[in-house]
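One file, target_20.txt, is given below (compact mmCIF, N, CA and C atoms).
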# COMPACT_ATOMS: atom_id res chain seq x y z
N MET M 1 -64.08 17.33 -26.90
CA MET M 1 -62.66 17.27 -27.17
C MET M 1 -61.86 17.94 -26.06
N LYS M 2 -62.38 19.10 -25.57
CA LYS M 2 -61.70 19.82 -24.50
C LYS M 2 -61.62 18.96 -23.24
N MET M 3 -62.68 18.21 -22.92
CA MET M 3 -62.71 17.34 -21.76
C MET M 3 -61.67 16.23 -21.89
N LEU M 4 -61.52 15.66 -23.08
CA LEU M 4 -60.55 14.61 -23.32
C LEU M 4 -59.13 15.13 -23.13
N THR M 5 -58.82 16.33 -23.59
CA THR M 5 -57.50 16.93 -23.45
C THR M 5 -57.17 17.16 -21.98
N ARG M 6 -58.16 17.68 -21.22
CA ARG M 6 -57.95 17.92 -19.80
C ARG M 6 -57.71 16.61 -19.04
N THR M 7 -58.49 15.59 -19.37
CA THR M 7 -58.35 14.28 -18.73
C THR M 7 -56.98 13.69 -19.06
N THR M 8 -56.54 13.81 -20.31
CA THR M 8 -55.24 13.30 -20.71
C THR M 8 -54.13 14.04 -19.97
N ALA M 9 -54.26 15.35 -19.84
CA ALA M 9 -53.24 16.15 -19.14
C ALA M 9 -53.16 15.76 -17.67
N LEU M 10 -54.30 15.58 -17.02
CA LEU M 10 -54.31 15.20 -15.61
C LEU M 10 -53.73 13.79 -15.41
N THR M 11 -54.06 12.88 -16.30
CA THR M 11 -53.54 11.52 -16.21
C THR M 11 -52.03 11.51 -16.40
N THR M 12 -51.54 12.29 -17.37
CA THR M 12 -50.10 12.37 -17.62
C THR M 12 -49.38 12.98 -16.42
N ALA M 13 -49.93 14.05 -15.85
CA ALA M 13 -49.31 14.69 -14.69
C ALA M 13 -49.25 13.72 -13.51
N ALA M 14 -50.32 12.99 -13.28
CA ALA M 14 -50.34 12.02 -12.17
C ALA M 14 -49.31 10.93 -12.38
N ALA M 15 -49.16 10.47 -13.61
CA ALA M 15 -48.17 9.44 -13.91
C ALA M 15 -46.75 9.95 -13.67
N LEU M 16 -46.48 11.19 -14.06
CA LEU M 16 -45.15 11.76 -13.86
C LEU M 16 -44.83 11.94 -12.38
N LEU M 17 -45.82 12.31 -11.59
CA LEU M 17 -45.60 12.48 -10.16
C LEU M 17 -45.42 11.15 -9.44
N THR M 18 -46.07 10.12 -9.92
CA THR M 18 -46.02 8.82 -9.28
C THR M 18 -44.79 8.03 -9.69
N ALA M 19 -44.24 8.25 -10.86
CA ALA M 19 -43.11 7.47 -11.38
C ALA M 19 -41.90 7.47 -10.44
N PRO M 20 -41.46 8.64 -9.88
CA PRO M 20 -40.31 8.58 -8.97
C PRO M 20 -40.57 7.73 -7.73
N ALA M 21 -41.79 7.78 -7.20
CA ALA M 21 -42.11 6.98 -6.02
C ALA M 21 -42.06 5.49 -6.35
N ILE M 22 -42.54 5.12 -7.53
CA ILE M 22 -42.50 3.72 -7.94
C ILE M 22 -41.05 3.29 -8.14
N ALA M 23 -40.23 4.15 -8.73
CA ALA M 23 -38.82 3.82 -8.95
C ALA M 23 -38.09 3.63 -7.63
N LEU M 24 -38.40 4.47 -6.63
CA LEU M 24 -37.76 4.32 -5.33
C LEU M 24 -38.20 3.03 -4.65
N ALA M 25 -39.47 2.70 -4.77
CA ALA M 25 -39.98 1.48 -4.13
C ALA M 25 -39.39 0.25 -4.79
N ALA M 26 -39.08 0.33 -6.09
CA ALA M 26 -38.56 -0.81 -6.82
C ALA M 26 -37.06 -0.99 -6.63
N ALA M 27 -36.38 0.02 -6.08
CA ALA M 27 -34.94 -0.08 -5.89
C ALA M 27 -34.62 -1.17 -4.88
N PRO M 28 -33.57 -1.96 -5.13
CA PRO M 28 -33.26 -3.04 -4.20
C PRO M 28 -32.74 -2.50 -2.88
N ALA M 29 -33.00 -3.23 -1.82
CA ALA M 29 -32.50 -2.85 -0.50
C ALA M 29 -30.99 -3.03 -0.47
N HIS M 30 -30.32 -2.34 0.43
CA HIS M 30 -28.87 -2.45 0.56
C HIS M 30 -28.55 -3.86 1.03
N ALA M 31 -27.80 -4.60 0.24
CA ALA M 31 -27.57 -6.01 0.50
C ALA M 31 -26.54 -6.27 1.59
N ASP M 32 -25.72 -5.27 1.93
CA ASP M 32 -24.63 -5.50 2.86
C ASP M 32 -25.03 -5.37 4.32
N GLY M 33 -26.24 -5.00 4.62
CA GLY M 33 -26.67 -4.88 6.01
C GLY M 33 -26.66 -3.45 6.48
N PRO M 34 -26.98 -3.24 7.73
CA PRO M 34 -27.11 -1.88 8.26
C PRO M 34 -25.77 -1.14 8.28
N GLU M 35 -25.86 0.14 8.12
CA GLU M 35 -24.69 1.02 8.18
C GLU M 35 -25.02 2.22 9.04
N LYS M 36 -23.99 2.78 9.66
CA LYS M 36 -24.11 4.03 10.41
C LYS M 36 -23.06 4.98 9.87
N HIS M 37 -23.44 6.26 9.77
CA HIS M 37 -22.53 7.28 9.25
C HIS M 37 -22.51 8.47 10.19
N ALA M 38 -21.39 9.16 10.21
CA ALA M 38 -21.28 10.44 10.90
C ALA M 38 -20.28 11.27 10.11
N GLN M 39 -20.55 12.55 10.02
CA GLN M 39 -19.64 13.44 9.30
C GLN M 39 -19.65 14.82 9.92
N GLY M 40 -18.60 15.57 9.64
CA GLY M 40 -18.51 16.92 10.18
C GLY M 40 -17.14 17.50 9.92
N ALA M 41 -16.83 18.55 10.65
CA ALA M 41 -15.56 19.26 10.48
C ALA M 41 -14.60 18.93 11.61
N VAL M 42 -13.31 18.88 11.25
CA VAL M 42 -12.26 18.67 12.26
C VAL M 42 -10.94 19.20 11.70
N GLY M 43 -10.21 19.95 12.49
CA GLY M 43 -8.86 20.38 12.16
C GLY M 43 -8.69 21.05 10.82
N GLY M 44 -9.66 21.82 10.38
CA GLY M 44 -9.57 22.51 9.10
C GLY M 44 -10.04 21.69 7.91
N GLY M 45 -10.52 20.49 8.15
CA GLY M 45 -11.01 19.64 7.07
C GLY M 45 -12.34 19.00 7.44
N ARG M 46 -12.68 17.92 6.75
CA ARG M 46 -13.94 17.22 6.97
C ARG M 46 -13.65 15.74 7.25
N TYR M 47 -14.48 15.13 8.10
CA TYR M 47 -14.37 13.70 8.37
C TYR M 47 -15.66 13.01 7.97
N ASP M 48 -15.53 11.73 7.64
CA ASP M 48 -16.67 10.88 7.33
C ASP M 48 -16.39 9.52 7.96
N ILE M 49 -17.25 9.12 8.89
CA ILE M 49 -17.13 7.82 9.56
C ILE M 49 -18.20 6.91 8.98
N ASN M 50 -17.81 5.68 8.64
CA ASN M 50 -18.75 4.70 8.12
C ASN M 50 -18.52 3.39 8.87
N ILE M 51 -19.58 2.88 9.50
CA ILE M 51 -19.51 1.58 10.18
C ILE M 51 -20.56 0.69 9.54
N GLU M 52 -20.12 -0.44 9.04
CA GLU M 52 -21.00 -1.38 8.35
C GLU M 52 -21.06 -2.69 9.10
N LYS M 53 -22.28 -3.19 9.30
CA LYS M 53 -22.49 -4.46 10.00
C LYS M 53 -22.72 -5.56 8.97
N GLU M 54 -21.74 -6.45 8.84
CA GLU M 54 -21.86 -7.60 7.94
C GLU M 54 -20.84 -8.63 8.41
N ASN M 55 -21.29 -9.72 9.01
CA ASN M 55 -20.37 -10.71 9.58
C ASN M 55 -19.41 -10.03 10.54
N GLY M 56 -19.92 -9.27 11.45
CA GLY M 56 -19.12 -8.42 12.34
C GLY M 56 -19.24 -6.99 11.85
N PHE M 57 -18.28 -6.17 12.22
CA PHE M 57 -18.33 -4.75 11.86
C PHE M 57 -17.06 -4.32 11.15
N ASP M 58 -17.20 -3.48 10.14
CA ASP M 58 -16.08 -2.85 9.45
C ASP M 58 -16.21 -1.34 9.67
N VAL M 59 -15.13 -0.72 10.14
CA VAL M 59 -15.12 0.72 10.40
C VAL M 59 -14.15 1.38 9.43
N GLY M 60 -14.60 2.44 8.78
CA GLY M 60 -13.75 3.23 7.90
C GLY M 60 -13.90 4.70 8.23
N VAL M 61 -12.80 5.43 8.19
CA VAL M 61 -12.82 6.87 8.47
C VAL M 61 -12.02 7.57 7.38
N ASP M 62 -12.61 8.58 6.77
CA ASP M 62 -11.95 9.39 5.75
C ASP M 62 -11.84 10.82 6.23
N LEU M 63 -10.67 11.40 6.05
CA LEU M 63 -10.44 12.83 6.32
C LEU M 63 -10.09 13.48 4.99
N GLU M 64 -10.71 14.62 4.68
CA GLU M 64 -10.44 15.33 3.43
C GLU M 64 -10.28 16.81 3.69
N GLY M 65 -9.45 17.44 2.86
CA GLY M 65 -9.26 18.88 2.96
C GLY M 65 -8.49 19.29 4.20
N ILE M 66 -7.72 18.37 4.74
CA ILE M 66 -6.95 18.63 5.96
C ILE M 66 -5.63 19.31 5.59
N PRO M 67 -4.96 19.92 6.55
CA PRO M 67 -3.70 20.60 6.25
C PRO M 67 -2.63 19.65 5.70
N ALA M 68 -1.80 20.17 4.79
CA ALA M 68 -0.69 19.40 4.22
C ALA M 68 0.27 18.98 5.33
N SER M 69 0.83 17.80 5.18
CA SER M 69 1.83 17.25 6.10
C SER M 69 1.33 17.10 7.53
N SER M 70 0.03 17.02 7.73
CA SER M 70 -0.51 16.84 9.08
C SER M 70 -0.54 15.35 9.43
N THR M 71 -0.47 15.06 10.73
CA THR M 71 -0.49 13.69 11.23
C THR M 71 -1.73 13.51 12.09
N TRP M 72 -2.41 12.37 11.89
CA TRP M 72 -3.69 12.11 12.54
C TRP M 72 -3.68 10.76 13.25
N LYS M 73 -4.45 10.69 14.35
CA LYS M 73 -4.58 9.46 15.12
C LYS M 73 -6.06 9.08 15.20
N LEU M 74 -6.32 7.80 15.04
CA LEU M 74 -7.67 7.26 15.14
C LEU M 74 -7.70 6.23 16.27
N VAL M 75 -8.69 6.35 17.17
CA VAL M 75 -8.91 5.36 18.21
C VAL M 75 -10.37 4.93 18.10
N VAL M 76 -10.58 3.61 17.98
CA VAL M 76 -11.93 3.05 17.87
C VAL M 76 -12.16 2.12 19.06
N LYS M 77 -13.27 2.35 19.77
CA LYS M 77 -13.67 1.47 20.87
C LYS M 77 -15.02 0.87 20.54
N HIS M 78 -15.14 -0.43 20.82
CA HIS M 78 -16.39 -1.16 20.63
C HIS M 78 -16.85 -1.60 22.00
N ASP M 79 -18.00 -1.10 22.42
CA ASP M 79 -18.55 -1.38 23.76
C ASP M 79 -17.51 -1.08 24.85
N GLY M 80 -16.77 0.01 24.68
CA GLY M 80 -15.81 0.47 25.68
C GLY M 80 -14.43 -0.15 25.59
N LYS M 81 -14.25 -1.17 24.74
CA LYS M 81 -12.94 -1.83 24.59
C LYS M 81 -12.27 -1.35 23.31
N ARG M 82 -11.00 -0.94 23.44
CA ARG M 82 -10.28 -0.46 22.27
C ARG M 82 -10.06 -1.60 21.29
N VAL M 83 -10.48 -1.38 20.02
CA VAL M 83 -10.29 -2.39 18.98
C VAL M 83 -9.28 -1.94 17.94
N SER M 84 -8.92 -0.64 17.94
CA SER M 84 -7.93 -0.18 16.96
C SER M 84 -7.37 1.18 17.37
N THR M 85 -6.07 1.33 17.12
CA THR M 85 -5.40 2.62 17.20
C THR M 85 -4.52 2.71 15.96
N GLN M 86 -4.69 3.78 15.19
CA GLN M 86 -3.89 3.97 13.98
C GLN M 86 -3.42 5.41 13.92
N THR M 87 -2.25 5.61 13.32
CA THR M 87 -1.73 6.95 13.08
C THR M 87 -1.32 7.02 11.61
N ALA M 88 -1.63 8.14 10.95
CA ALA M 88 -1.30 8.28 9.53
C ALA M 88 -1.03 9.75 9.19
N ASN M 89 -0.21 9.94 8.18
CA ASN M 89 0.10 11.28 7.67
C ASN M 89 -0.79 11.59 6.47
N SER M 90 -1.13 12.86 6.32
CA SER M 90 -1.94 13.25 5.17
C SER M 90 -1.15 13.04 3.89
N ARG M 91 -1.88 12.78 2.82
CA ARG M 91 -1.26 12.64 1.50
C ARG M 91 -2.10 13.38 0.49
N LEU M 92 -1.47 13.83 -0.56
CA LEU M 92 -2.15 14.59 -1.60
C LEU M 92 -2.84 13.63 -2.56
N ASP M 93 -4.14 13.86 -2.80
CA ASP M 93 -4.92 13.05 -3.74
C ASP M 93 -5.92 13.96 -4.42
N ASP M 94 -5.84 14.06 -5.73
CA ASP M 94 -6.74 14.92 -6.52
C ASP M 94 -6.74 16.36 -6.02
N GLY M 95 -5.57 16.85 -5.65
CA GLY M 95 -5.43 18.25 -5.24
C GLY M 95 -5.84 18.56 -3.81
N ARG M 96 -6.23 17.55 -3.04
CA ARG M 96 -6.63 17.76 -1.65
C ARG M 96 -5.84 16.80 -0.76
N HIS M 97 -5.53 17.24 0.42
CA HIS M 97 -4.84 16.37 1.37
C HIS M 97 -5.87 15.54 2.12
N GLU M 98 -5.56 14.25 2.29
CA GLU M 98 -6.51 13.34 2.92
C GLU M 98 -5.80 12.25 3.70
N VAL M 99 -6.56 11.57 4.56
CA VAL M 99 -6.14 10.37 5.26
C VAL M 99 -7.31 9.40 5.20
N ASP M 100 -7.02 8.15 4.89
CA ASP M 100 -8.03 7.09 4.90
C ASP M 100 -7.62 6.04 5.92
N PHE M 101 -8.45 5.85 6.93
CA PHE M 101 -8.22 4.80 7.92
C PHE M 101 -9.10 3.61 7.55
N ARG M 102 -8.49 2.44 7.39
CA ARG M 102 -9.22 1.23 7.00
C ARG M 102 -8.80 0.06 7.88
N ASP M 103 -9.35 -1.10 7.56
CA ASP M 103 -9.00 -2.36 8.21
C ASP M 103 -9.26 -2.36 9.71
N VAL M 104 -10.33 -1.68 10.13
CA VAL M 104 -10.76 -1.76 11.52
C VAL M 104 -11.96 -2.70 11.54
N ARG M 105 -11.78 -3.84 12.21
CA ARG M 105 -12.85 -4.83 12.27
C ARG M 105 -13.10 -5.22 13.71
N SER M 106 -14.36 -5.57 13.98
CA SER M 106 -14.73 -6.02 15.32
C SER M 106 -15.87 -7.02 15.21
N LYS M 107 -15.89 -7.99 16.11
CA LYS M 107 -16.94 -9.01 16.11
C LYS M 107 -18.24 -8.43 16.66
N ASN M 108 -19.34 -9.00 16.19
CA ASN M 108 -20.66 -8.64 16.70
C ASN M 108 -20.79 -9.22 18.12
N THR M 109 -21.36 -8.43 19.03
CA THR M 109 -21.56 -8.90 20.40
C THR M 109 -23.06 -9.01 20.67
N LYS M 110 -23.42 -9.67 21.76
CA LYS M 110 -24.83 -9.78 22.12
C LYS M 110 -25.36 -8.40 22.50
N GLY M 111 -26.62 -8.17 22.18
CA GLY M 111 -27.25 -6.90 22.52
C GLY M 111 -26.80 -5.80 21.58
N LYS M 112 -26.97 -4.57 22.02
CA LYS M 112 -26.60 -3.44 21.17
C LYS M 112 -25.08 -3.32 21.09
N ASP M 113 -24.62 -2.73 20.00
CA ASP M 113 -23.19 -2.52 19.78
C ASP M 113 -22.95 -1.02 19.68
N SER M 114 -22.05 -0.53 20.51
CA SER M 114 -21.75 0.90 20.55
C SER M 114 -20.28 1.13 20.18
N PHE M 115 -20.06 2.02 19.22
CA PHE M 115 -18.71 2.35 18.77
C PHE M 115 -18.41 3.81 19.10
N THR M 116 -17.27 4.04 19.73
CA THR M 116 -16.79 5.40 19.97
C THR M 116 -15.55 5.58 19.09
N VAL M 117 -15.62 6.60 18.24
CA VAL M 117 -14.54 6.87 17.29
C VAL M 117 -13.96 8.24 17.63
N LYS M 118 -12.65 8.27 17.90
CA LYS M 118 -11.98 9.53 18.20
C LYS M 118 -10.92 9.78 17.12
N ILE M 119 -11.00 10.97 16.51
CA ILE M 119 -10.05 11.40 15.49
C ILE M 119 -9.34 12.62 16.05
N SER M 120 -8.00 12.58 16.09
CA SER M 120 -7.23 13.69 16.66
C SER M 120 -6.06 14.03 15.76
N ARG M 121 -5.81 15.32 15.61
CA ARG M 121 -4.60 15.75 14.92
C ARG M 121 -3.46 15.69 15.93
N VAL M 122 -2.39 14.98 15.59
CA VAL M 122 -1.26 14.77 16.49
C VAL M 122 -0.39 16.02 16.56
N ASP M 123 -0.20 16.70 15.43
CA ASP M 123 0.74 17.81 15.33
C ASP M 123 0.06 19.18 15.26
N GLY M 124 -1.13 19.28 15.83
CA GLY M 124 -1.83 20.56 15.81
C GLY M 124 -3.21 20.42 16.44
N ALA M 125 -3.97 21.49 16.31
CA ALA M 125 -5.31 21.52 16.89
C ALA M 125 -6.30 20.75 16.02
N GLY M 126 -7.21 20.06 16.68
CA GLY M 126 -8.29 19.37 15.98
C GLY M 126 -8.54 18.01 16.57
N SER M 127 -9.76 17.81 17.07
CA SER M 127 -10.14 16.53 17.64
C SER M 127 -11.66 16.43 17.64
N VAL M 128 -12.16 15.23 17.41
CA VAL M 128 -13.60 14.99 17.46
C VAL M 128 -13.83 13.56 17.94
N THR M 129 -14.88 13.37 18.74
CA THR M 129 -15.28 12.04 19.20
C THR M 129 -16.75 11.86 18.87
N ARG M 130 -17.06 10.75 18.22
CA ARG M 130 -18.45 10.44 17.87
C ARG M 130 -18.77 9.03 18.32
N THR M 131 -20.01 8.82 18.78
CA THR M 131 -20.49 7.50 19.18
C THR M 131 -21.63 7.10 18.28
N LEU M 132 -21.54 5.88 17.71
CA LEU M 132 -22.58 5.34 16.84
C LEU M 132 -23.02 4.01 17.44
N THR M 133 -24.33 3.80 17.53
CA THR M 133 -24.85 2.61 18.20
C THR M 133 -25.77 1.83 17.25
N PHE M 134 -25.60 0.52 17.28
CA PHE M 134 -26.46 -0.41 16.53
C PHE M 134 -27.36 -1.10 17.53
N ALA M 135 -28.66 -1.12 17.25
CA ALA M 135 -29.61 -1.81 18.12
C ALA M 135 -29.38 -3.32 18.01
N SER M 136 -29.81 -4.03 19.02
CA SER M 136 -29.58 -5.49 19.02
C SER M 136 -30.45 -6.17 17.99

Would you give me this structure, written as structure tokens?
Amino acid sequence: MKMLTRTTALTTAAALLTAPAIALAAAPAHADGPEKHAQGAVGGGRYDINIEKENGFDVGVDLEGIPASSTWKLVVKHDGKRVSTQTANSRLDDGRHEVDFRDVRSKNTKGKDSFTVKISRVDGAGSVTRTLTFAS
């Protein structure tokens, strides 16, 4: 009886350890295609850059926790060519000041695709430049 209890315990433990791995393997792949992300600190707040490849590229940049009434500029270059310049003022959302830059699109080019994203505070200190590259 003692041997049966030990065997049952070991089998149960193995099943519990394996279940998360099986669940992860069974999860569907991201259907929208490859994505690149970058995040960090800028001008007293945080930035999050998201570039998604699907029928071309969509670029989104979010700034959170930035100073009230601050003004920000976004410049996006794809393979060295400027594809977007936007300027926006922070707005209050859920108790935090933020800026959301959207509607930046660029066509897929032959070979690798390199994006340089520059975020700068217009009315104060704070600037960051990040480069994200997609393999061909």

Could you check which of M:Phe134, M:Ile66, M:Ala125, M:Asp94 is closest to M:Lys112, using all atoms listed in the file? M:Phe134

Between M:Phe101, M:Arg96, M:Tyr47, M:Gly111, single out the one closest to M:Leu74, counting all atoms listed in the file. M:Phe101

Got a sec: who's within 12 Å of M:Leu92, counting only C-alpha atoms, leaving out chain neighbours fewer than 4 positions off, as a list of chain:residue names?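 So the residues in contact are M:Leu63, M:Glu64, M:Gly65, M:Ile66, M:Pro67, M:Ala68, M:Ser69, M:Ser70, M:Arg96, M:His97, M:Glu98, M:Val99, M:Asp100.
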
I'd like the interatomic distance between atom CA of M:Ala88 and atom N of M:Glu54, to a tenth of an Å.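 Interatomic distance here is 25.2 Å.
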
Counting all atoms listed in the file, the option among M:Lys107, M:Lys73, M:Arg46, M:His37 closest to M:Val122: M:Lys73
